[in-house]
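Colleague: Here you go, one structure.
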Amino acid sequence: MSDKPKSRSFFGFREMFKLFRFLKPYRWIFALGLLFLLISTGASLMFPKLLGNMVDMGNKGKTLHDISRTGLLLLIILATQALFSYMRTRLFVQVTEKTLASIRQNLYNHLIRLPMSFFSERRVGELNSRISSDISLLQDSITDTLADILSQLLVIIGGVTFMMISSWKLTLFMLAIVPAMALFGFFSGRVIRRYSKKAQSFVAESNTIVEETLQGIQNVKAFTNEAFESSRYREKTNEVAKAGIKGGKYRAAMSFIVLGFFVSMAAVIWRGAAMIANGQMEAGQLFSFVIYSGFIAGNIAGMAGVYTRLQKTIGAVENLLLLLDEPTEAIEDKYVPDPAYSLHGQIAFDHVEFRYPSRQEVVVLKDVSFSINPGQEIALVGPSGSGKSTIASLLLKFYEPTSGTILFDGRDSRSFPVTALRAQMAIVMQDVFLFGGTIRENIAYGKPDAGENELTDAAIQANAWDFIQSFPNGLDTIVGERGVQLSGGQRQRIAIARAVLKNPKILILDEATSSLDSESEKLVQEALEKLMKCRTSLVIAHRLSTIRNADSIIVLSEGTIIEQGTHSELISNEKGLYKNLTELQYAT
Ligand SMILES: Nc1ncnc2c1ncn2[C@@H]1O[C@H](COP(=O)(O)OP(=O)(O)O)[C@@H](O)[C@H]1O
Ligand SMILES: [Mg+2]
């Protein structure tokens with residue numbers, strides 16, 4: 001989603017066409033709509049001609065009966081125009097809404113399947129507001145813009161033809177003035193577009209601020225940074241205003257174009273009146289001529305507007321297409337356990353080196369090698385930033401190692417489908433993410449088709465059943481947005497229940513107990529130990545007391561393994577980092 005537009009065709013039709021793949025299922029409704037559009041526009045073109053005829057009939061002293069017949073014809077034509085335009089709009093609205101829904105669904109499906117590297121390079125709030133503003137731009141452009149262009153072209157060409165038939169001299173006179181005005185309108189349109197695009201990106205930035213501060217409102221308040229956030233927001237919104245005002249200057253200049261059109265109209269009537277005086281033209285002809293000129297002028301002015309709208313839309317389409325072109329992970333929608341990929345739980349890192357795609361110059365893991373046997377518990381300790389969580393991310397295949405290999409049961413992780421691996425792993429992290437629904441929904445996230453008994457069993461095993469039962473609504477208690485209505489320890493145990501339900505072969509605990517008070521830590525620790533039984537587990541621990549019994553402890557520092565062994569082995573190394581860290585922890 002870069003801001004830099006690629007070279008685009010003048011009208012941007014190429015980009016629009018790419019979007020038409022979403023419109024394809026509805027192409028017949030769309031085509032019918034276009035046909036109705038042609039009919040209604042054609043009918044409206046007859047209107048000035050018949051009006052002129054009526055005036056001429058009056059001028060020539062025809063009977064009321066004859067004049068009324070033309071009037072009736074006129075009425076029928078107007079009714080036809082209205083009817084078809086009504087049906088056209090209904091059809092186009094259908095096409096637009098269905099196409100938009102399909103674009104939204106495609107984008108969302110694509111977005112959640114993008115690899116972690118995509119998300120680590122972008123701010124999620126910005127992404128979200130960009131997408132929603134881009135889509136809302138499409139809302140009124142998908143069908144209407146195209147319809148407008150077509151009907152405008154038709155009115156201009158049809159109008160000019162009628163006028164030519166009526167008086168080519170006056171038509172040429174008119175054509176000498178109007179197109180100059182039109183070109184002027186076209187180019188001022190482009191300038192306006194530039195500023196509105198700028199304003200749009202400032203709007204997106206200011207929305208990001210709102211989204212981020214509201215999400216982190218506790219931090220804003222705790223740091224009493226309200227004033228700081230206000231000024232950040234003020235700056236951005238002022239920039240929105242500045243860009244808007246600059247664009248407004250050019251929009252205001254459009255008034256002169258309107259003036260131009262009136263002047264040319266007056267000139268046409270002036271010339272026409274002279275021709276009537278010479279007997280070269282009938283009054284009724286001039287009458288219809290003026291109305292056609294009005295039609296044409298209006299449509300040319302409208303075209304400039306449509307052009308700017310189209311350009312804005314193209315910008316949005318380009319952004320959305322760029323997003324849709326991002327390669328996704330190969331995720332299977334319905335994972336059917338494949339015995340060929342079923343894990344026993346043996347894991348090995350073989351000379352793994354890793355750099356984050358967003359920060360290529362920093363080597364986060366250097367020459368990391370270790371192995372875990374099925375059912376073993378391996379602990380990872382080390383200072384913050386040493387690369388522990390990164391190891392967990394690599395196991396989950398969020399990223400691929402820059403060099404070296406990760407092996408499951410002796411097989412290169414690259415030979416496993418992402419889904420097969422993730423389906424057999426579970427992770428419990430320090431910040432548990434709960435969705436805004438009920439406790440039941442949050443536990444069932446580990447296995448959406450779980451039955452009632454399975455859910456309760458999982459909750460019991462996770463030491464969560466007691467507190468769940470104490471709520472009047474039990475499993476159906478609403479957890480509040482992100483689980484704010486629960487304590488840290490309770491959220492943690494829900495996450496554990498989720499993992500229990502998933503029944504993974506490999507369990508990853510990333511500082512799962514570090515944010516808890518000692519009371520709930522005990523409950524959570526107990527639950528975790530039950531969960532770790534009979535599985536391979538990788539435990540990233542902040543509190544060293546929790547990993548004493550691990551089969552092996554790996555000490556990581558700045559991305560390299562500096563010590564490895566059991567608790568008693570490591571503790572006997574007086575100068576070791578592990579010994580050092582334990583002493584620090586017991587001192588406090
Ligand atoms: N998404 C990311 N993009 C770039 N660098 C990252 C990312 N995540 C973590 N890092 C960097 O990688 C290093 C290791 O981080 P991490 O594995 O989270 O450490 P730990 O879990 O041991 O505290 C840190 O220097 C951190 O800044
Ligand atoms: Mg970490």
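Numbering starts fresh at 1 for the residues of each chain in the structure tokens, the chains themselves are lettered A, B, ... in the order given, and ligands are numbered from 1 as they appear.
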List as an mmCIF file with N, CA and C atoms, in the first residue's frame the protein and nucleic acid residues near stretch 561-563 of chain A, meaning an atom at most 9 Å away when only C-alpha atoms are counted, but skip any in the same chain fewer than 2 places from it.
Modeller:
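Output contents, as saved in selection_12.cif:
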data_model
loop_
_atom_site.group_PDB
_atom_site.id
_atom_site.type_symbol
_atom_site.label_atom_id
_atom_site.label_comp_id
_atom_site.auth_asym_id
_atom_site.auth_seq_id
_atom_site.Cartn_x
_atom_site.Cartn_y
_atom_site.Cartn_z
ATOM 1 N N LYS A 366 21.302 -15.608 16.219
ATOM 2 C CA LYS A 366 22.553 -15.961 15.548
ATOM 3 C C LYS A 366 22.884 -17.416 15.865
ATOM 4 N N ASP A 367 22.996 -18.233 14.859
ATOM 5 C CA ASP A 367 23.499 -19.587 15.010
ATOM 6 C C ASP A 367 22.843 -20.317 16.193
ATOM 7 N N VAL A 368 21.516 -20.322 16.214
ATOM 8 C CA VAL A 368 20.794 -20.965 17.317
ATOM 9 C C VAL A 368 20.540 -22.438 16.978
ATOM 10 N N SER A 369 21.073 -23.329 17.802
ATOM 11 C CA SER A 369 20.836 -24.765 17.612
ATOM 12 C C SER A 369 20.427 -25.380 18.937
ATOM 13 N N PHE A 370 19.362 -26.140 18.938
ATOM 14 C CA PHE A 370 18.981 -26.910 20.116
ATOM 15 C C PHE A 370 17.959 -27.940 19.679
ATOM 16 N N ILE A 553 17.325 -26.175 30.182
ATOM 17 C CA ILE A 553 17.109 -24.727 30.196
ATOM 18 C C ILE A 553 18.117 -24.100 29.236
ATOM 19 N N ILE A 554 17.580 -23.258 28.341
ATOM 20 C CA ILE A 554 18.456 -22.580 27.379
ATOM 21 C C ILE A 554 18.558 -21.118 27.789
ATOM 22 N N VAL A 555 19.785 -20.640 27.925
ATOM 23 C CA VAL A 555 19.963 -19.230 28.279
ATOM 24 C C VAL A 555 20.370 -18.469 27.026
ATOM 25 N N LEU A 556 19.553 -17.490 26.723
ATOM 26 C CA LEU A 556 19.749 -16.733 25.485
ATOM 27 C C LEU A 556 20.224 -15.331 25.841
ATOM 28 N N SER A 557 21.188 -14.840 25.073
ATOM 29 C CA SER A 557 21.592 -13.454 25.269
ATOM 30 C C SER A 557 21.920 -12.850 23.917
ATOM 31 N N GLU A 558 21.295 -11.757 23.615
ATOM 32 C CA GLU A 558 21.488 -11.059 22.339
ATOM 33 C C GLU A 558 21.427 -12.011 21.144
ATOM 34 N N GLY A 559 20.465 -12.908 21.181
ATOM 35 C CA GLY A 559 20.237 -13.766 20.023
ATOM 36 C C GLY A 559 21.116 -14.994 19.928
ATOM 37 N N GLY A 565 21.480 -26.375 29.940
ATOM 38 C CA GLY A 565 21.611 -27.496 30.864
ATOM 39 C C GLY A 565 20.423 -27.541 31.795
ATOM 40 N N LEU A 570 23.239 -25.643 35.630
ATOM 41 C CA LEU A 570 23.471 -24.216 35.369
ATOM 42 C C LEU A 570 23.803 -23.449 36.640
ATOM 43 N N GLY A 576 28.092 -17.951 35.493
ATOM 44 C CA GLY A 576 27.107 -18.002 34.412
ATOM 45 C C GLY A 576 25.998 -16.962 34.552
ATOM 46 N N LEU A 577 25.371 -16.674 33.436
ATOM 47 C CA LEU A 577 24.280 -15.698 33.420
ATOM 48 C C LEU A 577 23.083 -16.221 34.206
ATOM 49 N N TYR A 578 22.831 -17.542 34.082
ATOM 50 C CA TYR A 578 21.679 -18.127 34.761
ATOM 51 C C TYR A 578 21.802 -17.956 36.270
#
Colleague: Select the residues contacting ligand 2 at a distance of at most 12 Å, based on only C-alpha atoms and all ligand atoms, then format the selection as an MDAnalysis selection string.
Modeller: chainID A and resid 380:393 428:431 508:512 514 539:542 556
Colleague: Please provide as a list of chain:residue names all residues within 8 Å of A:Thr536, with the sequence filter that same-chain residues fewer than 5 positions apart are discarded (counting only C-alpha atoms).
Modeller: A:Gly345, A:Gln346, A:Ile372, A:Asn373, A:Pro374, A:Gly375, A:Gln376, A:Glu377, A:Lys505, A:Ile506, A:Leu507
Colleague: Any chance you could export the current selection's C-alpha atoms as a short mmCIF file (atom, residue, chain, number, x, y, z; two decimals), in the first residue's frame?
Modeller:
data_model
loop_
_atom_site.label_atom_id
_atom_site.label_comp_id
_atom_site.auth_asym_id
_atom_site.auth_seq_id
_atom_site.Cartn_x
_atom_site.Cartn_y
_atom_site.Cartn_z
CA GLY A 345 6.65 -33.42 19.15
CA GLN A 346 10.33 -33.54 18.39
CA ILE A 372 13.67 -31.00 22.22
CA ASN A 373 12.47 -34.58 22.46
CA PRO A 374 8.78 -35.47 22.37
CA GLY A 375 7.10 -34.75 25.70
CA GLN A 376 10.03 -32.79 27.07
CA GLU A 377 9.85 -29.37 28.64
CA LYS A 505 1.15 -31.68 20.38
CA ILE A 506 3.42 -28.73 21.01
CA LEU A 507 2.76 -26.07 23.58
#
Colleague: Determine the nearest neighbour of A:Glu326 from the options A:Gln490, A:Gln200, A:Leu74, A:Leu111, counting only C-alpha atoms.
Modeller: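 Closest candidate: A:Leu111.
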Colleague: Can you list, as a PyMOL selection string, every residue of stretch 320-504 of chain A that DSSP puts in strand (DSSP E or B)?
Modeller: chain A and resi 347-354+365-372+377-381+403-408+411-412+425-429+438+478
Colleague: Kindly save the residues from that selection, with N, CA and C atoms included, as a short mmCIF file (atom, residue, chain, number, x, y, z; two decimals), in the first residue's frame.
Modeller:
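Output contents, as saved in part26.cif:
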data_model
loop_
_atom_site.label_atom_id
_atom_site.label_comp_id
_atom_site.auth_asym_id
_atom_site.auth_seq_id
_atom_site.Cartn_x
_atom_site.Cartn_y
_atom_site.Cartn_z
N ILE A 347 11.43 -31.38 18.20
CA ILE A 347 11.72 -30.10 17.54
C ILE A 347 13.22 -29.88 17.54
N ALA A 348 13.75 -29.37 16.45
CA ALA A 348 15.17 -28.99 16.46
C ALA A 348 15.39 -27.70 15.70
N PHE A 349 16.25 -26.85 16.26
CA PHE A 349 16.73 -25.67 15.54
C PHE A 349 18.15 -26.01 15.09
N ASP A 350 18.43 -25.82 13.82
CA ASP A 350 19.75 -26.16 13.31
C ASP A 350 20.41 -24.92 12.71
N HIS A 351 21.34 -24.35 13.45
CA HIS A 351 22.08 -23.14 13.01
C HIS A 351 21.14 -22.08 12.44
N VAL A 352 20.13 -21.75 13.22
CA VAL A 352 19.15 -20.79 12.73
C VAL A 352 19.64 -19.35 12.91
N GLU A 353 19.58 -18.62 11.81
CA GLU A 353 19.84 -17.18 11.89
C GLU A 353 18.56 -16.48 11.46
N PHE A 354 18.26 -15.36 12.12
CA PHE A 354 17.02 -14.68 11.75
C PHE A 354 17.11 -13.16 11.86
N LEU A 365 18.54 -13.47 15.76
CA LEU A 365 19.01 -14.78 16.24
C LEU A 365 20.26 -15.15 15.46
N LYS A 366 21.30 -15.61 16.22
CA LYS A 366 22.55 -15.96 15.55
C LYS A 366 22.88 -17.42 15.86
N ASP A 367 23.00 -18.23 14.86
CA ASP A 367 23.50 -19.59 15.01
C ASP A 367 22.84 -20.32 16.19
N VAL A 368 21.52 -20.32 16.21
CA VAL A 368 20.79 -20.97 17.32
C VAL A 368 20.54 -22.44 16.98
N SER A 369 21.07 -23.33 17.80
CA SER A 369 20.84 -24.76 17.61
C SER A 369 20.43 -25.38 18.94
N PHE A 370 19.36 -26.14 18.94
CA PHE A 370 18.98 -26.91 20.12
C PHE A 370 17.96 -27.94 19.68
N SER A 371 17.69 -28.92 20.53
CA SER A 371 16.63 -29.84 20.15
C SER A 371 15.82 -30.27 21.38
N ILE A 372 14.58 -30.59 21.15
CA ILE A 372 13.67 -31.00 22.22
C ILE A 372 13.08 -32.34 21.82
N GLU A 377 10.08 -30.79 28.40
CA GLU A 377 9.85 -29.37 28.64
C GLU A 377 11.18 -28.64 28.54
N ILE A 378 11.23 -27.69 27.64
CA ILE A 378 12.44 -26.90 27.47
C ILE A 378 12.11 -25.48 27.87
N ALA A 379 13.00 -24.88 28.65
CA ALA A 379 12.76 -23.50 29.06
C ALA A 379 13.72 -22.58 28.35
N LEU A 380 13.23 -21.41 28.04
CA LEU A 380 14.05 -20.38 27.41
C LEU A 380 14.11 -19.21 28.37
N VAL A 381 15.31 -18.85 28.79
CA VAL A 381 15.40 -17.67 29.65
C VAL A 381 16.43 -16.71 29.05
N SER A 403 18.57 -18.03 7.64
CA SER A 403 19.34 -19.20 7.20
C SER A 403 19.25 -20.26 8.28
N GLY A 404 19.67 -21.47 7.97
CA GLY A 404 19.52 -22.57 8.90
C GLY A 404 18.14 -23.18 8.76
N THR A 405 17.88 -24.24 9.54
CA THR A 405 16.58 -24.91 9.41
C THR A 405 15.94 -25.20 10.76
N ILE A 406 14.62 -25.25 10.74
CA ILE A 406 13.87 -25.69 11.90
C ILE A 406 13.27 -27.04 11.50
N LEU A 407 13.43 -28.02 12.38
CA LEU A 407 12.97 -29.36 12.03
C LEU A 407 11.90 -29.83 13.00
N PHE A 408 10.87 -30.45 12.46
CA PHE A 408 9.86 -31.12 13.28
C PHE A 408 9.98 -32.61 12.98
N ARG A 411 12.11 -33.41 10.14
CA ARG A 411 11.80 -32.92 8.79
C ARG A 411 11.78 -31.40 8.76
N ASP A 412 12.33 -30.87 7.68
CA ASP A 412 12.40 -29.43 7.49
C ASP A 412 11.00 -28.80 7.61
N MET A 425 -0.21 -26.92 17.31
CA MET A 425 0.50 -26.13 18.31
C MET A 425 -0.47 -25.19 18.99
N ALA A 426 -0.13 -24.82 20.23
CA ALA A 426 -0.91 -23.78 20.89
C ALA A 426 0.05 -22.87 21.62
N ILE A 427 -0.31 -21.63 21.72
CA ILE A 427 0.54 -20.68 22.42
C ILE A 427 -0.29 -19.93 23.46
N VAL A 428 0.29 -19.75 24.63
CA VAL A 428 -0.32 -18.91 25.65
C VAL A 428 0.66 -17.79 25.94
N MET A 429 0.20 -16.57 25.78
CA MET A 429 1.11 -15.45 25.92
C MET A 429 0.82 -14.62 27.16
N THR A 438 -18.59 -13.76 24.61
CA THR A 438 -18.75 -14.43 25.91
C THR A 438 -17.53 -15.29 26.24
N ILE A 478 -20.41 -12.04 29.42
CA ILE A 478 -19.73 -11.20 28.43
C ILE A 478 -18.40 -10.73 29.02
#
